[in-house]
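Q: One structure follows; several queries about it will come next.
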Amino acid sequence: MNGISPEALRREIESVATLVARAGGRAWLVGGAVRDDLLAGPGRAAAVKDADIEVFGLDAGTLRRTIESRYACDECGVSFGVMKLKRFPIDVSLPRRESKCAPGHKGFSIHSDPSLSIEEAASRRDFTINAIYRDPLDGTLADPFGGAKDLERRILRHVSDKFSEDPLRVLRGMQFVARFDLDPAAETLALCRSIGMEGLAKERMMEEWSKLLLRGRTVSKGLGFLRSAGWLRFFSELERLVGCRQDPHWHPEGDVWNHTLAALDAFARERTGDDAEDLIVGLAVMCHDFGKPATSAYDPVAGRIRSKGHDEAGVAPTLSFLRRLTAEERILREVPPLVRCHMRPYAMWKSKAGDSAVRRLSVQAGRIDRLLRVARADAVGAGAEGDHPELRWLAERADALRVKDSAPKPILLGRHLIALGCRPSPKFGEWLGACYEAQLDGRFADLDGAIAFFRQIANRPDA
């Protein structure tokens, strides 16, 4: 599956369809691949990354024998009538009926039925834009719910009232609106407002939030959809940003909610394409002002609204928000420091901070290059386009000190102390910590200097 080109994938899709036709059935490509081709425009093909194929007219046994005559398949999904090809990102399934039998997005009873009509099969899908079928062999379109017209009009519309049976679909709507610049239909928003979250699994929610941040062209539209759908009530950290006032001199864009949306759109315009890095930075931009609702107040002496300490105060709600979406240690470890430090670039530039402060910032923030991206999105979100001298200064200092993408590694390690004749003890941590602080201060830059400093603090001339 890894490394297959879109052209090669299309050839395999046609190969599957040909096998099915020879066996007496008909294969239809459905979902994202069809939607993306239509969005690409007449005569153009999207870069297909995966494919869903539904097969009509063959029973489960015949379909399995037909597909396995050429392709190896994973067992996962077979019980639901889905065959996952091992070497290619292609799922082959029978049309199926779904009935709600338990809460949540997994609470469905599923029955494959190759005799279903395309309209019946499409009725279980979420949005009309994902319920368009195309025959890979002759190009015929089947569009029982008008998804192609909705795409032309840039409308996001649910297929049927069955939409409300799966609450995850609201979050899918959020990222679709952001990715494809869609406007939700009024009736779809009304239906979303009636849907509860029903304890959605973290990993499924995180998948949709990740698509919002990594693929959304206008992230603000996705969050606007979430607000209009009444779902900010499930994400209180975001909901509290709405109406949280800011000083209009520094924030002409309005409240913290508007600022956050503008900052996220600025982030999206400068994504690097490294999904792992972009996700960390995007989450930090989303969360960077979570501390403002608790700290913002009018200062009568200064004559303006201030949010003193909002950077530190934002760490706890950031962790609360993230823990509802993921248990991934890397995200929980690396996003909060960026929130805590997002004001530091400007403060350090203004105070003409020295090299020691820059080194320490690299430790506190985790990575200065990420912090620069968060700070830039923050500034642009407040209307400060163009050059940012504080960010340029910090980038140059971090480059010169070689701490832009990582904190300095400790020069003196425990093994060095043992080699000097020290026996392991609780003092090791204290000594090594003091030596690292001195290293950040620039007191030494090599192992000889580190050992000399250690001898000084440990009062060990023999060491």
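Labeling convention for the structure tokens: chains A, B, ... as they appear, residues from 1 per chain, ligands from 1 in order of appearance.
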Write out as JSON, numbers by chain the residues lying within 7 Å of segment 244-258 of chain A, counting only C-alpha atoms and excluding same-chain residues fewer than 2 positions away.
A: {"A": [241, 242, 260, 261, 262, 293, 304, 305, 382]}
Q: Identify, on the basis of only C-alpha atoms, every residue whose closest approach to segment 184-200 of chain A does not exceed 6 Å; exclude the query and any residue fewer than 3 positions from it along the same chain; express the result as an NGL selection string.
A: :A and (104 or 155-158 or 167 or 229-230)
Q: Can you tell me, as a PyMOL selection string, what residues are no more than 8 Å from Leu171 of chain A when counting only C-alpha atoms, ignoring any on the same chain fewer than 5 positions away?
A: chain A and resi 205+208-209+226
Q: If you run DSSP on this backbone, which residues of segment 225-389 of chain A come out as strand (DSSP E or B), and could you give them as a list in words?
A: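 Here are the strand (DSSP E or B) residues of segment 225-389 of chain A: Ala297, Tyr298, Asp299, Arg304, Ile305 and Arg306 of chain A.
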Q: Pick out the residues sitting within 8 Å of Ile118 of chain A, and hand them over as an MDAnalysis selection string; count only C-alpha atoms, and ignore anything fewer than 4 positions along from it in its own chain.
A: chainID A and resid 122 142 144
Q: So, with only C-alpha atoms as the atoms that count, which of A:Asp399, A:Asp166, A:Asp405, A:Glu430 lies closest to Ser362 of chain A?
A: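 The closest residue to Ser362 of chain A is A:Asp405.
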Q: Just list the residues in segment 200-274 of chain A DSSP gives helix (DSSP H, G or I) on the backbone, as an NGL selection string.
A: :A and (202-215 or 219-228 or 231-234 or 236-239 or 256-269)
Q: From the list A:Arg269, A:Arg359, A:Arg455, A:His388, which residue is nearest Lys409 of chain A when using only C-alpha atoms?
A: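 Of A:Arg269, A:Arg359, A:Arg455, A:His388, the one nearest Lys409 of chain A is A:Arg359, counting only C-alpha atoms.
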Q: Which residues come within 10 Å of Ala276 of chain A, counting only C-alpha atoms, excluding same-chain residues fewer than 5 positions away, as an MDAnalysis selection string?
A: chainID A and resid 210 214 281 330:331
Q: Just write the chosen residues, C-alpha atoms, as a compact mmCIF listing (two decimals), in the first residue's frame.
A:
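Now in part.txt:
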```txt
# COMPACT_ATOMS: atom_id res chain seq x y z
CA SER A 210 -6.67 16.12 12.75
CA LEU A 214 -4.08 19.17 8.54
CA VAL A 281 1.60 23.36 15.97
CA ARG A 330 3.64 12.96 22.41
CA ILE A 331 0.72 15.35 21.90
```
Q: With distances taken over only C-alpha atoms, which of A:Val380, A:Leu394, A:Leu319, A:Ala21 is nearest to Ala347 of chain A?
A: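 Result for the nearest residue to Ala347 of chain A: A:Leu394.
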